[in-house]
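Source file query17.csv; content: CSV, C-alpha atoms.
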chain,number,residue,atom,x,y,z
A,1,MET,CA,-7.9,29.8,3.5
A,2,GLU,CA,-8.5,26.7,5.6
A,3,ARG,CA,-5.0,26.1,7.1
A,4,GLY,CA,-4.0,22.5,7.6
A,5,THR,CA,-6.7,21.3,5.2
A,6,TRP,CA,-5.7,22.7,1.9
A,7,GLY,CA,-2.3,24.0,0.7
A,8,GLU,CA,-1.4,22.4,-2.5
A,9,THR,CA,2.3,22.9,-2.5
A,10,SER,CA,3.1,21.9,1.1
A,11,THR,CA,5.6,19.1,1.8
A,12,ASP,CA,3.0,17.0,3.5
A,13,GLU,CA,0.7,16.9,0.5
A,14,ALA,CA,3.6,16.1,-1.8
A,15,GLU,CA,4.5,13.1,0.4
A,16,VAL,CA,4.0,9.7,-1.2
A,17,VAL,CA,2.2,6.9,0.6
A,18,CYS,CA,4.6,4.7,2.6
A,19,PRO,CA,5.5,1.8,0.3
A,20,ARG,CA,5.7,-0.6,3.3
A,21,PHE,CA,2.2,0.2,4.2
A,22,HIS,CA,1.1,-0.1,0.6
A,23,ALA,CA,2.7,-3.6,0.3
A,24,ALA,CA,1.3,-4.7,3.7
A,25,ILE,CA,-2.4,-3.7,3.0
A,26,GLU,CA,-2.3,-5.4,-0.4
A,27,LEU,CA,-0.7,-8.5,1.1
A,28,ILE,CA,-3.3,-9.0,3.8
A,29,GLY,CA,-6.1,-7.8,1.5
A,30,ARG,CA,-5.3,-10.3,-1.3
A,31,ARG,CA,-8.4,-12.5,-2.0
A,32,TRP,CA,-8.8,-15.0,0.9
A,33,SER,CA,-5.6,-14.0,2.7
A,34,GLY,CA,-7.3,-11.8,5.2
A,35,ALA,CA,-9.9,-14.5,6.1
A,36,ILE,CA,-7.1,-17.1,6.6
A,37,LEU,CA,-5.1,-14.7,8.8
A,38,PHE,CA,-8.1,-13.8,10.9
A,39,LYS,CA,-9.1,-17.5,11.4
A,40,LEU,CA,-5.5,-18.2,12.6
A,41,ILE,CA,-5.8,-15.6,15.3
A,42,ASP,CA,-7.7,-18.1,17.5
A,43,GLY,CA,-4.9,-20.6,17.3
A,44,PRO,CA,-3.4,-23.3,15.0
A,45,HIS,CA,-5.7,-25.1,12.6
A,46,PHE,CA,-5.5,-28.1,10.3
A,47,PHE,CA,-5.9,-27.5,6.6
A,48,ARG,CA,-9.4,-29.0,6.6
A,49,GLU,CA,-10.5,-26.8,9.4
A,50,LEU,CA,-9.5,-23.7,7.5
A,51,LEU,CA,-11.4,-25.0,4.5
A,52,VAL,CA,-14.6,-25.2,6.6
A,53,ALA,CA,-14.0,-21.8,8.2
A,54,ILE,CA,-13.8,-20.0,4.9
A,55,PRO,CA,-16.8,-20.9,2.7
A,56,GLY,CA,-16.2,-20.6,-1.0
A,57,ILE,CA,-12.5,-21.2,-1.0
A,58,SER,CA,-11.2,-24.2,-2.9
A,59,ASP,CA,-8.5,-26.7,-1.8
A,60,ARG,CA,-6.2,-25.4,-4.5
A,61,LEU,CA,-6.6,-21.7,-3.6
A,62,LEU,CA,-6.3,-22.4,0.1
A,63,SER,CA,-3.0,-24.3,-0.5
A,64,GLN,CA,-1.7,-21.5,-2.7
A,65,ARG,CA,-2.6,-18.7,-0.2
A,66,LEU,CA,-1.0,-20.6,2.7
A,67,ARG,CA,2.2,-21.1,0.7
A,68,GLU,CA,2.3,-17.4,-0.1
A,69,LEU,CA,1.7,-16.4,3.6
A,70,GLU,CA,4.3,-18.9,4.6
A,71,ALA,CA,6.8,-17.4,2.1
A,72,GLU,CA,6.0,-13.9,3.5
A,73,GLY,CA,6.8,-15.2,7.0
A,74,LEU,CA,3.3,-14.7,8.4
A,75,VAL,CA,2.3,-18.3,8.7
A,76,GLU,CA,4.1,-21.4,9.9
A,77,ARG,CA,3.4,-25.0,8.8
A,78,SER,CA,3.7,-28.1,10.9
A,79,VAL,CA,3.5,-31.7,9.8
A,80,HIS,CA,1.9,-34.1,12.4
A,81,ASP,CA,2.8,-37.8,12.4
A,82,GLY,CA,0.0,-40.2,11.4
A,83,VAL,CA,-1.4,-42.1,8.5
A,84,PRO,CA,-2.1,-39.9,6.6
A,85,ALA,CA,0.2,-37.2,8.1
A,86,ARG,CA,-1.8,-34.1,8.8
A,87,VAL,CA,-0.6,-30.5,8.3
A,88,SER,CA,-1.5,-27.6,10.6
A,89,TYR,CA,-0.9,-23.9,10.2
A,90,CYS,CA,-0.4,-21.1,12.8
A,91,LEU,CA,0.6,-17.5,12.8
A,92,SER,CA,4.3,-16.7,13.1
A,93,ALA,CA,5.4,-14.0,15.5
A,94,THR,CA,5.2,-11.5,12.6
A,95,GLY,CA,1.7,-12.8,11.6
A,96,ALA,CA,0.5,-12.6,15.2
A,97,ALA,CA,1.7,-9.0,15.4
A,98,LEU,CA,-1.1,-8.2,12.9
A,99,GLU,CA,-3.8,-9.0,15.5
A,100,PRO,CA,-4.5,-5.5,16.7
A,101,ALA,CA,-4.9,-4.2,13.1
A,102,LEU,CA,-7.1,-7.1,12.1
A,103,ARG,CA,-9.2,-6.7,15.3
A,104,GLN,CA,-9.6,-3.0,14.6
A,105,LEU,CA,-10.8,-3.7,11.1
A,106,HIS,CA,-13.1,-6.4,12.4
A,107,ARG,CA,-14.7,-3.8,14.7
A,108,TRP,CA,-15.1,-1.4,11.9
A,109,ALA,CA,-16.7,-4.0,9.7
A,110,GLN,CA,-19.3,-4.7,12.5
A,111,GLU,CA,-20.3,-1.1,12.5
A,112,HIS,CA,-20.2,-0.3,8.8
A,113,GLN,CA,-21.8,-2.2,5.9
A,114,VAL,CA,-19.7,-2.5,2.7
A,115,ASN,CA,-20.6,-4.2,-0.5
A,116,GLY,CA,-17.0,-5.3,-1.4
A,117,SER,CA,-16.1,-8.8,-2.5
A,118,PRO,CA,-16.7,-11.6,-1.8
B,1,MET,CA,-3.8,-32.0,25.4
B,2,GLU,CA,-3.2,-28.3,24.9
B,3,ARG,CA,-6.5,-26.9,26.0
B,4,GLY,CA,-7.7,-23.8,24.1
B,5,THR,CA,-5.2,-24.5,21.4
B,6,TRP,CA,-6.5,-27.7,19.8
B,7,GLY,CA,-9.8,-29.4,20.0
B,8,GLU,CA,-11.0,-30.2,16.5
B,9,THR,CA,-14.7,-30.5,17.1
B,10,SER,CA,-15.2,-27.4,19.3
B,11,THR,CA,-17.8,-24.9,18.2
B,12,ASP,CA,-15.1,-22.2,18.0
B,13,GLU,CA,-13.1,-24.0,15.4
B,14,ALA,CA,-16.2,-24.8,13.3
B,15,GLU,CA,-17.0,-21.1,13.3
B,16,VAL,CA,-16.7,-19.5,9.9
B,17,VAL,CA,-14.8,-16.2,9.4
B,18,CYS,CA,-17.1,-13.2,9.7
B,19,PRO,CA,-18.3,-12.3,6.2
B,20,ARG,CA,-18.4,-8.6,7.0
B,21,PHE,CA,-14.7,-8.7,8.0
B,22,HIS,CA,-13.9,-10.7,4.9
B,23,ALA,CA,-15.6,-8.2,2.6
B,24,ALA,CA,-14.0,-5.3,4.5
B,25,ILE,CA,-10.4,-6.5,4.3
B,26,GLU,CA,-10.7,-7.3,0.6
B,27,LEU,CA,-12.3,-3.9,-0.1
B,28,ILE,CA,-9.5,-1.9,1.5
B,29,GLY,CA,-6.8,-4.3,0.2
B,30,ARG,CA,-7.9,-4.1,-3.4
B,31,ARG,CA,-4.9,-2.9,-5.5
B,32,TRP,CA,-4.3,0.8,-4.8
B,33,SER,CA,-7.4,1.3,-2.6
B,34,GLY,CA,-5.5,1.1,0.7
B,35,ALA,CA,-3.0,3.6,-0.5
B,36,ILE,CA,-5.7,6.1,-1.6
B,37,LEU,CA,-7.5,5.7,1.8
B,38,PHE,CA,-4.3,6.2,3.7
B,39,LYS,CA,-3.5,9.3,1.8
B,40,LEU,CA,-6.9,10.8,2.5
B,41,ILE,CA,-6.4,10.4,6.2
B,42,ASP,CA,-4.5,13.6,6.2
B,43,GLY,CA,-7.3,15.5,4.6
B,44,PRO,CA,-9.0,16.2,1.3
B,45,HIS,CA,-6.9,16.0,-1.8
B,46,PHE,CA,-7.3,17.0,-5.4
B,47,PHE,CA,-7.2,14.2,-8.0
B,48,ARG,CA,-3.7,15.3,-9.2
B,49,GLU,CA,-2.3,15.3,-5.7
B,50,LEU,CA,-3.4,11.7,-5.2
B,51,LEU,CA,-1.8,10.8,-8.5
B,52,VAL,CA,1.5,12.2,-7.2
B,53,ALA,CA,1.2,10.6,-3.8
B,54,ILE,CA,0.8,7.1,-5.2
B,55,PRO,CA,3.6,6.4,-7.6
B,56,GLY,CA,2.8,3.9,-10.3
B,57,ILE,CA,-1.0,4.4,-10.4
B,58,SER,CA,-2.4,5.5,-13.7
B,59,ASP,CA,-5.1,8.3,-14.2
B,60,ARG,CA,-7.5,5.7,-15.3
B,61,LEU,CA,-7.0,3.3,-12.4
B,62,LEU,CA,-7.1,6.2,-9.8
B,63,SER,CA,-10.5,7.3,-11.3
B,64,GLN,CA,-11.8,3.8,-11.2
B,65,ARG,CA,-10.8,3.2,-7.6
B,66,LEU,CA,-12.1,6.6,-6.4
B,67,ARG,CA,-15.5,5.7,-8.1
B,68,GLU,CA,-15.5,2.4,-6.3
B,69,LEU,CA,-14.6,3.9,-2.9
B,70,GLU,CA,-17.3,6.5,-3.5
B,71,ALA,CA,-19.9,3.8,-4.4
B,72,GLU,CA,-18.9,2.0,-1.2
B,73,GLY,CA,-19.5,5.2,0.8
B,74,LEU,CA,-15.9,5.5,2.0
B,75,VAL,CA,-15.0,8.6,-0.1
B,76,GLU,CA,-16.8,11.8,-1.0
B,77,ARG,CA,-16.2,13.9,-4.1
B,78,SER,CA,-16.5,17.7,-4.4
B,79,VAL,CA,-16.4,19.8,-7.5
B,80,HIS,CA,-14.8,23.2,-7.2
B,81,ASP,CA,-15.7,26.1,-9.4
B,82,GLY,CA,-13.0,27.3,-11.8
B,83,VAL,CA,-11.8,26.9,-15.3
B,84,PRO,CA,-11.2,24.0,-15.5
B,85,ALA,CA,-13.3,22.9,-12.6
B,86,ARG,CA,-11.3,20.9,-10.1
B,87,VAL,CA,-12.4,17.8,-8.2
B,88,SER,CA,-11.3,16.9,-4.7
B,89,TYR,CA,-11.8,13.8,-2.6
B,90,CYS,CA,-12.1,13.2,1.1
B,91,LEU,CA,-13.0,10.4,3.5
B,92,SER,CA,-16.7,10.1,4.5
B,93,ALA,CA,-17.5,9.5,8.1
B,94,THR,CA,-17.5,5.8,7.4
B,95,GLY,CA,-14.1,6.1,5.6
B,96,ALA,CA,-12.6,8.2,8.4
B,97,ALA,CA,-13.7,5.5,10.9
B,98,LEU,CA,-11.1,3.2,9.3
B,99,GLU,CA,-8.2,5.4,10.6
B,100,PRO,CA,-7.4,3.3,13.7
B,101,ALA,CA,-7.2,0.1,11.7
B,102,LEU,CA,-5.1,1.7,8.9
B,103,ARG,CA,-2.8,3.3,11.5
B,104,GLN,CA,-2.3,0.0,13.3
B,105,LEU,CA,-1.4,-1.6,10.0
B,106,HIS,CA,0.9,1.2,9.2
B,107,ARG,CA,2.7,0.6,12.5
B,108,TRP,CA,3.0,-3.1,11.8
B,109,ALA,CA,4.4,-2.4,8.3
B,110,GLN,CA,7.1,-0.2,9.9
B,111,GLU,CA,8.2,-3.0,12.1
B,112,HIS,CA,7.9,-6.0,9.7
B,113,GLN,CA,9.2,-6.3,6.2
B,114,VAL,CA,6.9,-8.0,3.7
B,115,ASN,CA,7.5,-8.7,0.0
B,116,GLY,CA,3.9,-8.3,-1.2
B,117,SER,CA,2.9,-6.2,-4.1
B,118,PRO,CA,3.5,-3.6,-5.3
Can you present the structure in this file as structure tokens?
Amino acid sequence: MERGTWGETSTDEAEVVCPRFHAAIELIGRRWSGAILFKLIDGPHFFRELLVAIPGISDRLLSQRLRELEAEGLVERSVHDGVPARVSYCLSATGAALEPALRQLHRWAQEHQVNGSP
Amino acid sequence: MERGTWGETSTDEAEVVCPRFHAAIELIGRRWSGAILFKLIDGPHFFRELLVAIPGISDRLLSQRLRELEAEGLVERSVHDGVPARVSYCLSATGAALEPALRQLHRWAQEHQVNGSP
């Protein structure tokens, strides 16, 4: 028997996947959300800058994802005076704390080719 | 002017999000896929063990996600002799290389509450 590899009735193997991890990975992996978060690592950006940085996303979807990320507390929104007023987005402290995970994944993606969306 | 923070026309800000990162985050963040990969970090598992470890997933969806992850080269499938034959799954070398990123995200999820799915 290969100890530590198999052992169908051990407690470890009966353990369910952490629901907080599960929620987190599906939040950041939602279509376009990961790209938005990654772009905001380099600092605050205006709406239009994000639109340019993420080819293929529409105005409508970018607005929607930013609202979701704001509601989750990962992104903060600032309105800048002017005519017209401009809106910028940056990572909150919680969002910024994702940086090590996102950078690790970025490193992995440089070294391994996947065919996933988009 | 806050140098390094703003500067709308700099090359950096015009840079698009790396398409490989974009594909990778949406692959691992696809509904259920992150949970399956995380469970497989602790070693190979039989199909039924994965089903128990991920509450809420159906047989059909687990099969589908495993097939997708196998097609992407992240997961490997082994058939074990017996009646009935049993099938187990483990991470490939490419899948195992995701461990640091998944563990970082796990750590983040322990420290920050999100309301994302599921």
* Proximal residues of chain A relative to chain B (all atoms listed in the file; 7 Å) as a VMD selection string -> chain A and resid 5 14 to 17 20 to 31 34 to 35 39 43 to 44 52 to 54 72 94 98 100 to 101 104 to 106 108 to 110 112 114 to 118
* Tell me, as a ChimeraX atom specification, which residues lie within 6 Å of A:Ser92, counting only C-alpha atoms; anything in the same chain fewer than 4 positions away does not count. => /A:74-76,96
* Between atom CA of A:Phe47 and atom CA of A:Ser88, what is the spacing in Å? ->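 Answer for the atom CA of A:Ser88 to atom CA of A:Phe47 separation: 5.9 Å.
The gap separating atom CA of A:Ile57 from atom CA of B:Leu61 is 27.6 Å, in Å to one decimal.
Pairwise distance (atom CA of B:Gly56, atom CA of B:Val87) equals 20.7 Å.
The neighbours of B:Arg86 here are the residues that come within 10 Å of it, using only C-alpha atoms and leaving out any residue fewer than 5 positions away in the same chain; they are Phe46, Phe47, Arg48, Ser78, Val79, His80 and Asp81 of chain B.
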